[in-house]
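Colleague: This is model-v5.cif (mmCIF, C-alpha atoms).
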data_input
loop_
_atom_site.group_PDB
_atom_site.id
_atom_site.type_symbol
_atom_site.label_atom_id
_atom_site.label_comp_id
_atom_site.auth_asym_id
_atom_site.auth_seq_id
_atom_site.Cartn_x
_atom_site.Cartn_y
_atom_site.Cartn_z
ATOM 1 C CA MET S 1 33.592 -33.597 -28.185
ATOM 2 C CA THR S 2 33.063 -32.068 -24.734
ATOM 3 C CA GLN S 3 31.984 -28.773 -26.293
ATOM 4 C CA ILE S 4 29.380 -30.550 -28.442
ATOM 5 C CA LYS S 5 27.982 -32.420 -25.431
ATOM 6 C CA GLN S 6 27.952 -29.233 -23.348
ATOM 7 C CA ASN S 7 25.992 -27.371 -26.036
ATOM 8 C CA LYS S 8 23.522 -30.224 -26.163
ATOM 9 C CA ILE S 9 22.905 -30.045 -22.395
ATOM 10 C CA PHE S 10 22.702 -26.250 -22.253
ATOM 11 C CA ASN S 11 20.443 -25.770 -25.261
ATOM 12 C CA PRO S 12 19.026 -22.216 -25.022
ATOM 13 C CA LYS S 13 15.537 -23.310 -26.104
ATOM 14 C CA ASP S 14 15.405 -25.964 -23.365
ATOM 15 C CA ILE S 15 16.807 -23.591 -20.752
ATOM 16 C CA ILE S 16 14.185 -20.931 -21.522
ATOM 17 C CA ALA S 17 11.352 -23.472 -21.535
ATOM 18 C CA TYR S 18 12.608 -25.023 -18.301
ATOM 19 C CA PHE S 19 13.015 -21.577 -16.717
ATOM 20 C CA LEU S 20 9.370 -20.754 -17.465
ATOM 21 C CA VAL S 21 8.188 -24.126 -16.133
ATOM 22 C CA ALA S 22 10.423 -23.906 -13.053
ATOM 23 C CA GLY S 23 9.298 -20.317 -12.488
ATOM 24 C CA THR S 24 5.708 -21.507 -12.390
ATOM 25 C CA GLY S 25 6.728 -24.218 -9.926
ATOM 26 C CA ALA S 26 8.598 -21.692 -7.788
ATOM 27 C CA LEU S 27 5.550 -19.420 -7.702
ATOM 28 C CA ILE S 28 3.387 -22.387 -6.664
ATOM 29 C CA GLN S 29 5.883 -23.221 -3.908
ATOM 30 C CA LEU S 30 6.006 -19.651 -2.589
ATOM 31 C CA VAL S 31 2.227 -19.243 -2.542
ATOM 32 C CA SER S 32 1.583 -22.680 -1.033
ATOM 33 C CA SER S 33 4.289 -22.078 1.581
ATOM 34 C CA SER S 34 2.576 -18.877 2.644
ATOM 35 C CA LEU S 35 -0.856 -20.523 2.730
ATOM 36 C CA ILE S 36 0.460 -23.524 4.689
ATOM 37 C CA GLN S 37 2.014 -21.190 7.253
ATOM 38 C CA ASP S 38 -1.263 -19.336 7.686
ATOM 39 C CA TRP S 39 -3.650 -22.278 7.629
ATOM 40 C CA PHE S 40 -1.658 -24.682 9.784
ATOM 41 C CA ASN S 41 0.172 -22.110 11.887
ATOM 42 C CA ILE S 42 3.601 -23.590 11.229
ATOM 43 C CA SER S 43 6.946 -21.897 10.800
ATOM 44 C CA TRP S 44 8.456 -20.808 7.526
ATOM 45 C CA SER S 45 11.172 -23.463 7.690
ATOM 46 C CA ASP S 46 8.607 -26.196 8.393
ATOM 47 C CA SER S 47 6.546 -25.150 5.358
ATOM 48 C CA ILE S 48 9.378 -25.791 2.878
ATOM 49 C CA VAL S 49 8.831 -29.561 2.559
ATOM 50 C CA PRO S 50 5.018 -29.580 2.173
ATOM 51 C CA SER S 51 5.105 -26.707 -0.321
ATOM 52 C CA TYR S 52 7.801 -28.520 -2.307
ATOM 53 C CA ILE S 53 5.596 -31.628 -2.442
ATOM 54 C CA ILE S 54 2.683 -29.545 -3.761
ATOM 55 C CA GLY S 55 4.958 -28.069 -6.414
ATOM 56 C CA PHE S 56 6.218 -31.564 -7.320
ATOM 57 C CA PHE S 57 2.906 -32.650 -8.846
ATOM 58 C CA TRP S 58 2.640 -29.540 -10.985
ATOM 59 C CA GLY S 59 6.329 -29.740 -11.835
ATOM 60 C CA PHE S 60 6.240 -33.215 -13.341
ATOM 61 C CA THR S 61 3.316 -32.444 -15.606
ATOM 62 C CA LEU S 62 4.636 -29.092 -16.790
ATOM 63 C CA THR S 63 8.201 -30.350 -17.258
ATOM 64 C CA LYS S 64 7.084 -33.383 -19.259
ATOM 65 C CA LEU S 65 4.750 -31.401 -21.471
ATOM 66 C CA PHE S 66 6.701 -28.231 -22.081
ATOM 67 C CA ALA S 67 10.321 -28.225 -20.940
ATOM 68 C CA PHE S 68 11.991 -31.197 -22.600
ATOM 69 C CA ASP S 69 9.496 -32.056 -25.305
ATOM 70 C CA ALA S 70 8.795 -35.469 -23.770
ATOM 71 C CA ARG S 71 5.071 -35.248 -24.489
ATOM 72 C CA LYS S 72 4.995 -38.253 -26.795
ATOM 73 C CA SER S 73 7.683 -40.391 -25.183
ATOM 74 C CA ASN S 74 5.264 -43.141 -24.045
ATOM 75 C CA GLN S 75 7.481 -43.617 -20.990
ATOM 76 C CA THR S 76 5.512 -41.685 -18.383
ATOM 77 C CA ARG S 77 5.879 -44.285 -15.610
ATOM 78 C CA ARG S 78 9.627 -44.512 -16.160
ATOM 79 C CA GLU S 79 9.965 -40.733 -16.231
ATOM 80 C CA MET S 80 7.817 -40.394 -13.111
ATOM 81 C CA VAL S 81 10.064 -42.763 -11.119
ATOM 82 C CA LYS S 82 13.166 -40.898 -12.251
ATOM 83 C CA PHE S 83 11.499 -37.523 -11.630
ATOM 84 C CA LEU S 84 10.684 -38.636 -8.075
ATOM 85 C CA MET S 85 14.329 -39.595 -7.493
ATOM 86 C CA VAL S 86 15.630 -36.295 -8.854
ATOM 87 C CA SER S 87 13.000 -34.437 -6.821
ATOM 88 C CA GLY S 88 14.221 -36.101 -3.634
ATOM 89 C CA VAL S 89 17.704 -34.737 -4.310
ATOM 90 C CA SER S 90 16.224 -31.386 -5.268
ATOM 91 C CA LEU S 91 14.110 -31.189 -2.114
ATOM 92 C CA PHE S 92 17.238 -31.663 -0.016
ATOM 93 C CA ILE S 93 19.100 -29.015 -2.044
ATOM 94 C CA THR S 94 16.207 -26.554 -1.730
ATOM 95 C CA TRP S 95 15.867 -27.126 2.004
ATOM 96 C CA ALA S 96 19.621 -27.072 2.742
ATOM 97 C CA PHE S 97 20.366 -23.921 0.753
ATOM 98 C CA THR S 98 17.242 -22.132 2.004
ATOM 99 C CA ILE S 99 17.932 -22.833 5.666
ATOM 100 C CA GLY S 100 21.692 -22.476 5.179
ATOM 101 C CA SER S 101 21.429 -19.081 3.503
ATOM 102 C CA SER S 102 19.043 -17.915 6.222
ATOM 103 C CA LYS S 103 21.434 -18.933 8.976
ATOM 104 C CA LEU S 104 24.348 -17.407 7.095
ATOM 105 C CA LEU S 105 22.613 -14.075 6.410
ATOM 106 C CA VAL S 106 20.829 -13.637 9.738
ATOM 107 C CA ASP S 107 23.045 -15.399 12.279
ATOM 108 C CA TYR S 108 26.518 -14.987 10.797
ATOM 109 C CA PHE S 109 26.312 -11.669 8.956
ATOM 110 C CA GLY S 110 23.717 -10.200 11.299
ATOM 111 C CA MET S 111 21.353 -9.234 8.500
ATOM 112 C CA GLU S 112 18.121 -7.894 9.879
ATOM 113 C CA VAL S 113 14.836 -9.593 9.178
ATOM 114 C CA TYR S 114 12.866 -7.326 6.873
ATOM 115 C CA LYS S 115 9.113 -7.575 6.828
ATOM 116 C CA VAL S 116 6.694 -5.909 4.478
ATOM 117 C CA LYS S 117 3.029 -5.517 5.272
ATOM 118 C CA PHE S 118 0.552 -5.730 2.421
ATOM 119 C CA SER S 119 -2.567 -3.778 3.256
ATOM 120 C CA PHE S 120 -4.754 -5.474 0.654
ATOM 121 C CA ALA S 121 -3.986 -8.959 1.965
ATOM 122 C CA LYS S 122 -3.412 -8.024 5.606
ATOM 123 C CA LYS S 123 -0.341 -10.222 5.361
ATOM 124 C CA GLU S 124 3.139 -9.581 6.629
ATOM 125 C CA VAL S 125 5.843 -10.962 4.333
ATOM 126 C CA ASN S 126 9.291 -11.724 5.707
ATOM 127 C CA VAL S 127 11.489 -10.531 2.849
ATOM 128 C CA THR S 128 14.631 -12.119 4.300
ATOM 129 C CA GLU S 129 12.988 -15.557 4.382
ATOM 130 C CA MET S 130 11.654 -15.099 0.867
ATOM 131 C CA VAL S 131 15.099 -14.143 -0.466
ATOM 132 C CA CYS S 132 16.602 -17.202 1.237
ATOM 133 C CA TYR S 133 13.868 -19.390 -0.234
ATOM 134 C CA VAL S 134 14.632 -18.036 -3.725
ATOM 135 C CA ILE S 135 18.340 -18.764 -3.153
ATOM 136 C CA GLY S 136 17.487 -22.373 -2.274
ATOM 137 C CA MET S 137 15.245 -22.659 -5.319
ATOM 138 C CA GLY S 138 18.004 -21.228 -7.513
ATOM 139 C CA PHE S 139 20.458 -23.952 -6.515
ATOM 140 C CA SER S 140 17.690 -26.510 -6.996
ATOM 141 C CA PHE S 141 16.928 -25.091 -10.456
ATOM 142 C CA VAL S 142 20.477 -25.723 -11.678
ATOM 143 C CA SER S 143 20.665 -29.286 -10.360
ATOM 144 C CA ASN S 144 17.142 -30.092 -11.577
ATOM 145 C CA TYR S 145 17.787 -28.833 -15.080
ATOM 146 C CA ILE S 146 20.942 -30.899 -15.474
ATOM 147 C CA LEU S 147 19.489 -34.051 -13.881
ATOM 148 C CA HIS S 148 16.165 -33.911 -15.730
ATOM 149 C CA LYS S 149 17.892 -33.203 -19.036
ATOM 150 C CA THR S 150 20.487 -35.988 -18.679
ATOM 151 C CA PHE S 151 18.577 -38.544 -16.596
ATOM 152 C CA THR S 152 14.817 -38.159 -16.130
ATOM 153 C CA PHE S 153 13.703 -37.531 -19.687
ATOM 154 C CA LYS S 154 16.418 -39.557 -21.372
ATOM 155 C CA SER S 155 16.620 -43.310 -21.811
ATOM 156 C CA THR S 156 19.582 -44.335 -19.662
ATOM 157 C CA GLY S 157 18.788 -47.985 -18.947
ATOM 158 C CA PHE S 158 18.508 -47.170 -15.233
ATOM 159 C CA TYR S 159 14.778 -47.871 -15.004
ATOM 160 C CA ASN S 160 15.160 -51.322 -16.567
ATOM 161 C CA ARG S 161 17.966 -52.210 -14.127
ATOM 162 C CA LEU S 162 15.813 -50.956 -11.241
ATOM 163 C CA LYS S 163 12.883 -53.144 -12.337
ATOM 164 C CA VAL S 164 15.169 -56.211 -12.391
ATOM 165 C CA LEU S 165 16.388 -55.446 -8.873
ATOM 166 C CA ILE S 166 12.843 -55.046 -7.532
ATOM 167 C CA ARG S 167 11.626 -58.364 -8.982
#
Turn this file's structure into structure tokens for me.
Modeller:
Amino acid sequence: MTQIKQNKIFNPKDIIAYFLVAGTGALIQLVSSSLIQDWFNISWSDSIVPSYIIGFFWGFTLTKLFAFDARKSNQTRREMVKFLMVSGVSLFITWAFTIGSSKLLVDYFGMEVYKVKFSFAKKEVNVTEMVCYVIGMGFSFVSNYILHKTFTFKSTGFYNRLKVLIR
């Protein structure tokens, strides 16, 4: 029974579709993080939250349409509330593992900060920060996949109980 349920959660088709959608979201986060740092002159660590929020809007739409085949569910409001809840958890995971891996690599292991200068963009990219950001996104990817698959885009009765509590 457990094996059947596990195969249902880790369906290869869903994982590949979610990986492509999440990869698009990760790219949006990385680019928006860089732009936010440049435009608003804020630090890399301070750009994590706003870039995650930008990626959130794209993420919901792409995940609903392509990742879990929830296009015709007629439960968009319900899914949006659940997606927001899962995204709150995911934001914390992304932030904690990004900052944590940076502190671990740079402060504890003494890893040097590597920067690469792109001549065409006249932009210096901190490779160490980018690697740490990808680590944070990787942990977030795993938790998001499981939570969206088993909670957000599945009828669990949670939304109905939440509506009763709010009224």
Colleague: Measuring atom to atom with all atoms listed in the file, identify which of S:Phe40, S:Phe109, S:Phe10, S:Phe66 is nearest to Thr24 (chain S).
Modeller: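 With all atoms listed in the file as the atom set, the closest residue is S:Phe66.
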Colleague: Excluding Cys132 (chain S) and its own-chain neighbours fewer than 6 positions away, which residues fall within 6 Å of it when counting all atoms listed in the file? Please give them as number ranges by chain.
Modeller: S: 98, 101-102
Colleague: Find the residue from S:Val131, S:Val81, S:Ile93, S:Val125 that sits nearest to Val106 (chain S); use all atoms listed in the file when measuring.
Modeller: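 Smallest separation from Val106 (chain S) among the options: S:Val131.
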Colleague: Mind pulling up the distance from CA of His148 (chain S) to CA of Phe83 (chain S)?
Modeller: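 Those two atoms sit 7.2 Å apart.
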Colleague: Give me the result of the PyMOL selection byres ((chain S and resi 45) around 12) on this file, residue by residue, as number ranges by chain.
Modeller: S: 33-34, 36-37, 41-44, 46-52, 94-103, 129-130, 132-133, 136
Colleague: Would you output that residue set with C-alpha atoms, as a compact mmCIF listing (two decimals), in the frame of the given file?
Modeller:
# COMPACT_ATOMS: atom_id res chain seq x y z
CA SER S 33 4.29 -22.08 1.58
CA SER S 34 2.58 -18.88 2.64
CA ILE S 36 0.46 -23.52 4.69
CA GLN S 37 2.01 -21.19 7.25
CA ASN S 41 0.17 -22.11 11.89
CA ILE S 42 3.60 -23.59 11.23
CA SER S 43 6.95 -21.90 10.80
CA TRP S 44 8.46 -20.81 7.53
CA ASP S 46 8.61 -26.20 8.39
CA SER S 47 6.55 -25.15 5.36
CA ILE S 48 9.38 -25.79 2.88
CA VAL S 49 8.83 -29.56 2.56
CA PRO S 50 5.02 -29.58 2.17
CA SER S 51 5.11 -26.71 -0.32
CA TYR S 52 7.80 -28.52 -2.31
CA THR S 94 16.21 -26.55 -1.73
CA TRP S 95 15.87 -27.13 2.00
CA ALA S 96 19.62 -27.07 2.74
CA PHE S 97 20.37 -23.92 0.75
CA THR S 98 17.24 -22.13 2.00
CA ILE S 99 17.93 -22.83 5.67
CA GLY S 100 21.69 -22.48 5.18
CA SER S 101 21.43 -19.08 3.50
CA SER S 102 19.04 -17.92 6.22
CA LYS S 103 21.43 -18.93 8.98
CA GLU S 129 12.99 -15.56 4.38
CA MET S 130 11.65 -15.10 0.87
CA CYS S 132 16.60 -17.20 1.24
CA TYR S 133 13.87 -19.39 -0.23
CA GLY S 136 17.49 -22.37 -2.27
Colleague: For CA of Ser32 (chain S) and CA of Arg77 (chain S), determine how far apart the two atoms are, in Å to one decimal place.
Modeller: 26.4 Å
